[in-house]
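Asker: Can you keep this structure in mind? I'll have questions shortly.
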Amino acid sequence: MSSDTKQIGPNTLDLRGLMCPEPVLKTKKMLDQNPQEPLEVLVDSQVNVMNLTRLANSLGLQLQSEEEQDGYKVTIKKNEEAGSQISPHTHDSSRKVVPESRQSNSEKSSSSSVVFIAKDTFGEGDRDFSVNLLNVFLQTIMQAGHRPQAILLANSGVRLMDPDSSVRKVLDEFHDSGSQVLACGLCVEYYGLKEKIKPEQITNMYAICEYLFSADKLITP
Amino acid sequence: MRVLCYNHGSDKMTTSNNETSKKLTANVKAAGCAAKISSLQLKQVLSSIPRTHCPELLTSLENFEDAAVYKITEDIAIIETVDFFPPVVDDPFLFGRIAAVNALSDVYAMGGKPVIALNVLCFPTCDYPLSVVEEILRGGQSACAEAGVAVAGGHSIQGPEPVFGLSVTGVIDPRSILTNGGAKNGDVLLLTKPLGTGVMLLGLKGGTLSELETKQLLDSLTLLNKSALEIAKKYKPSAATDITGFGLIGHTAEMAAASGLSAYLYIDELPFFTGALSLASQGFVPAGAYGNRNTFESSVINLDHIDVAIQDLIFDPQTSGGLMFALQEEQAMRLLAELIEAGLTASIIGGFVEGKPGQIEVKK
């Protein structure tokens, strides 16, 4: 605890006079240390109150605030209805936009997994068979209900986006159901597919790297 | 070098040894364009100030243009703009660079070519060594050099917190000015940088960004809008602006109002910085975002249909934000492809329809 934060009682923080984002950071630290205990926080402005409300929502906690003479008193505690189990209802609106990698609970979703396909076959073997196998692989993912955040296609993998490819159909299904299906621009150009792929599905190496590094789970067939 | 200083909170004059240094963002209450005075307050103040009529002035204050344009001949007009703010990052070179990129952007947003710039600097020389000033100016110079702009002078004063920016002069053919008011019914909107700098800068200040998130943010903040404009001009946009202090919603509303049209935004198409949604949902939301919400939320239809974190990000004040163009859909698709090929971020995020001027519908 730094010298500019006054911890008044065991569970009261005086965060008045601190600038953003300090009140959020210090409150979060305290909540992480003592998740079971109710916490009282004093802050200067309504902006602090609104930011702490967002923090509480993201942790599935309840927040009450009252205006006092020189600021606001904010009380954060466990959601009473939910008891010790965090109910999914307590964080539906603010939770679903958070990338999976940031969430502390284990919601079953594959929104931050990324599939990286750098060739147009599934493993090495008979060519026709290997292309078919890739099709089966993607269809199985689709049918199992997994929706990767992105399917990235590079090198000869971009050939799967050719309208003549047997795999294109399932890739379009992923695209329509919310996954980003993106092809490497250099590769698209090299394999002469530029006219056959929608511009918004063509990306660059920078974006590909962003996806690969920010993915929770990387799947490469 | 020893400088005579007046210490706040004591009556003594002391000398500074210029050796101790604190973090550049230490005393800053609002970072970057989040430090802007709210649009509502600004309108109120400006309404009482008389104007001098000037037929050569091609822009009007009512349309909240990015810069003023003054016609000199039928072929040449000059663009004037000034922009400055307190430090957004602790590295003085980067701060200078970001402030300059942000100031130059207003000329690009009018479709022009910046040519000369003047430094605007306020600095507490007692709190920081002079080498910090030097680095800030060096950062500004690096952006100007890349833009082909000569730094021709400037003005500096002492002040309680550092402030830096530029006054920039640009040139343009008066017939090719890109204003807020030129958007046509049926045009789509194309945006060239990710959204969420206000939220991300709070995360950076709080030390919660990953290396990759920091890099993505700084790369975007220090990127000139020069190439994006040069490419976009080929596709004949009907209107342009840059997304800065009033956030995506504020600047979209201004363009819609000035063009006499309603706008729509596809929420799922909006490009956000990696990590921005998570930070916003945890309460890393700058005061300016709440101010913009206050000013503009009555212009937005179906706002309550979208997640609070996304709402915060579309109101988030942007520093050194991207350019936003209104243009025909077919042209926009070709522009999108060329921008992406050039390694720039670009997304088609919405468009314009006939309707209540200045209104924005957010769609999933």
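Identifiers for the structure tokens are assigned positionally: chains receive A, B, ... in sequence, residues are indexed from 1 per chain, and ligands are indexed from 1 in the order shown.
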Per residue of chain B within 8 Å of chain A, note the shortest atom pair and the distance in Å to one decimal, counting only C-alpha atoms, and order the rows by chain and increasing residue number, as a Markdown table.
Answerer:
| residue | atom | partner | partner_atom | distance |
| --- | --- | --- | --- | --- |
| B:Lys29 | CA | A:Met19 | CA | 6.5 |
| B:Leu202 | CA | A:Pro21 | CA | 5.9 |
| B:Gly203 | CA | A:Pro21 | CA | 7.4 |
| B:Lys205 | CA | A:Pro21 | CA | 7.3 |
| B:Gly206 | CA | A:Pro21 | CA | 6.0 |
| B:Leu212 | CA | A:Glu210 | CA | 7.8 |
| B:Thr274 | CA | A:Ser214 | CA | 7.8 |
| B:Gly275 | CA | A:Pro99 | CA | 7.6 |
| B:Leu277 | CA | A:Val98 | CA | 5.9 |
| B:Ser278 | CA | A:Val98 | CA | 4.8 |
| B:Ala280 | CA | A:Arg54 | CA | 7.8 |
| B:Ser281 | CA | A:Arg54 | CA | 5.6 |
| B:Gln282 | CA | A:Leu55 | CA | 4.1 |
| B:Gly283 | CA | A:Asn51 | CA | 4.0 |
| B:Phe284 | CA | A:Pro21 | CA | 6.3 |
| B:Val285 | CA | A:Asn51 | CA | 6.4 |
| B:Pro286 | CA | A:Cys20 | CA | 7.3 |
| B:Ala287 | CA | A:Val47 | CA | 5.9 |
| B:Tyr290 | CA | A:Val47 | CA | 7.4 |
| B:Asp307 | CA | A:Ser93 | CA | 5.9 |
| B:Val308 | CA | A:Ser94 | CA | 6.1 |
| B:Ala309 | CA | A:Ser94 | CA | 6.6 |
| B:Ile310 | CA | A:Val97 | CA | 7.9 |
| B:Met333 | CA | A:Pro199 | CA | 6.8 |
| B:Arg334 | CA | A:Pro199 | CA | 7.5 |
| B:Leu336 | CA | A:Pro199 | CA | 7.0 |
| B:Ala337 | CA | A:Pro199 | CA | 5.0 |
| B:Ile340 | CA | A:Thr203 | CA | 6.4 |
| B:Glu341 | CA | A:Gly185 | CA | 6.7 |
| B:Gly343 | CA | A:Asn204 | CA | 6.4 |
| B:Ser347 | CA | A:Glu200 | CA | 7.9 |
Asker: Hey, what's within 8 Å of Asn119 of chain B if we count only C-alpha atoms and toss same-chain stuff fewer than 3 positions away? As a ChimeraX atom specification, please?
Answerer: /B:137,151,153-156,164-167
Asker: Next, dump the selected residues to file, keeping only C-alpha atoms, as a PDB file, in the first residue's frame.
Answerer:
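What follows is the written file out.pdb:
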ATOM      1  CA  LEU B 137      10.591  18.882 -29.068  1.00  0.00           C
ATOM      2  CA  VAL B 151       9.120  23.502 -37.709  1.00  0.00           C
ATOM      3  CA  GLY B 153       9.373  28.462 -34.486  1.00  0.00           C
ATOM      4  CA  GLY B 154       7.051  28.441 -31.533  1.00  0.00           C
ATOM      5  CA  HIS B 155       6.192  29.836 -28.133  1.00  0.00           C
ATOM      6  CA  SER B 156       6.950  28.480 -24.662  1.00  0.00           C
ATOM      7  CA  PHE B 164       2.775  20.407 -25.861  1.00  0.00           C
ATOM      8  CA  GLY B 165       1.370  20.631 -29.338  1.00  0.00           C
ATOM      9  CA  LEU B 166       1.624  22.387 -32.652  1.00  0.00           C
ATOM     10  CA  SER B 167       0.014  25.121 -34.627  1.00  0.00           C
TER      11      SER B 167
END
Asker: Name all residues at most 7 Å from Ala346 of chain B (count only C-alpha atoms; drop same-chain ones fewer than 3 positions away) and give them as an MDAnalysis selection string.
Answerer: chainID B and resid 190:193 336 339:340
Asker: Which residues come within 10 Å of Ile360 of chain B, counting only C-alpha atoms, excluding same-chain residues fewer than 4 positions away, as an NGL selection string?
Answerer: :B and (249-250 or 252-253 or 256-257 or 261-265 or 296-303 or 350-353 or 355-356)
Asker: Mind listing the alpha helix (DSSP H) residues of segment 28-206 of chain A, per DSSP on the backbone, as a PyMOL selection string?
Answerer: chain A and resi 28-33+46-58+92-95+127-143+168-176+185-190+205-206
Asker: Taking the DSSP assignment computed from this structure's backbone, write out as JSON, numbers by chain all residues of segment 29-79 of chain B that belong to strand (DSSP E or B).
Answerer: {"B": [57, 68, 69, 70, 71, 77, 78, 79]}
Asker: Suppose you want the space between atom CA of Gly288 of chain B and atom CA of Pro194 of chain B; what is it in Å?
Answerer: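 Spanning atom CA of Gly288 of chain B to atom CA of Pro194 of chain B is a straight-line distance of 18.0 Å.
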Asker: Nearest residue to Leu94 of chain B out of B:Ser131, B:Ser39, B:Thr222, B:Ala77, using only C-alpha atoms?
Answerer: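 Smallest distance to Leu94 of chain B is found for B:Thr222.
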Asker: Write out as a list in words each polymer residue whose atoms come within 12 Å of segment 127-133 of chain A, counting only C-alpha atoms; drop sequence neighbours fewer than 6 positions from it.
Answerer: Lys119, Asp120, Thr121, Gln139, Thr140, Ser156, Gly157, Arg159, Leu160, Ser165, Ser166, Val167, Arg168 and Pro221 of chain A
Asker: Quick one: residues within 10 Å of Val115 of chain B, only C-alpha atoms, excluding same-chain residues fewer than 3 positions away - as a list in words?
Answerer: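 Listed by chain and then number, they are Ile78, Ile79, Leu104, Val107, Gly112, Cys144, Ala147, Gly148, Val149, Ala150, Val151, Ala152, Val168, Thr169, Gly170 and Val171 of chain B.
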Asker: Using the selection just defined, write its residues with C-alpha atoms as a short mmCIF file (atom, residue, chain, number, x, y, z; two decimals), in the first residue's frame.
Answerer:
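Saved to part.cif:
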data_model
loop_
_atom_site.label_atom_id
_atom_site.label_comp_id
_atom_site.auth_asym_id
_atom_site.auth_seq_id
_atom_site.Cartn_x
_atom_site.Cartn_y
_atom_site.Cartn_z
CA ILE B 78 -4.43 27.66 -46.47
CA ILE B 79 -5.48 25.40 -43.60
CA LEU B 104 -0.89 17.36 -38.01
CA VAL B 107 -4.78 19.18 -41.72
CA GLY B 112 -4.72 19.09 -47.07
CA CYS B 144 7.07 16.89 -38.69
CA ALA B 147 5.29 14.64 -42.73
CA GLY B 148 7.59 16.93 -44.75
CA VAL B 149 6.72 19.83 -42.45
CA ALA B 150 9.23 22.50 -41.38
CA VAL B 151 9.12 23.50 -37.71
CA ALA B 152 9.46 27.25 -38.10
CA VAL B 168 0.06 23.79 -38.17
CA THR B 169 -0.39 25.50 -41.54
CA GLY B 170 -1.35 23.42 -44.54
CA VAL B 171 -2.18 24.08 -48.17
#
Asker: So, with only C-alpha atoms as the atoms that count, which of A:Leu61, A:Val158, A:Val188, A:Leu193 lies closest to Ile117 of chain A?
Answerer: A:Val158
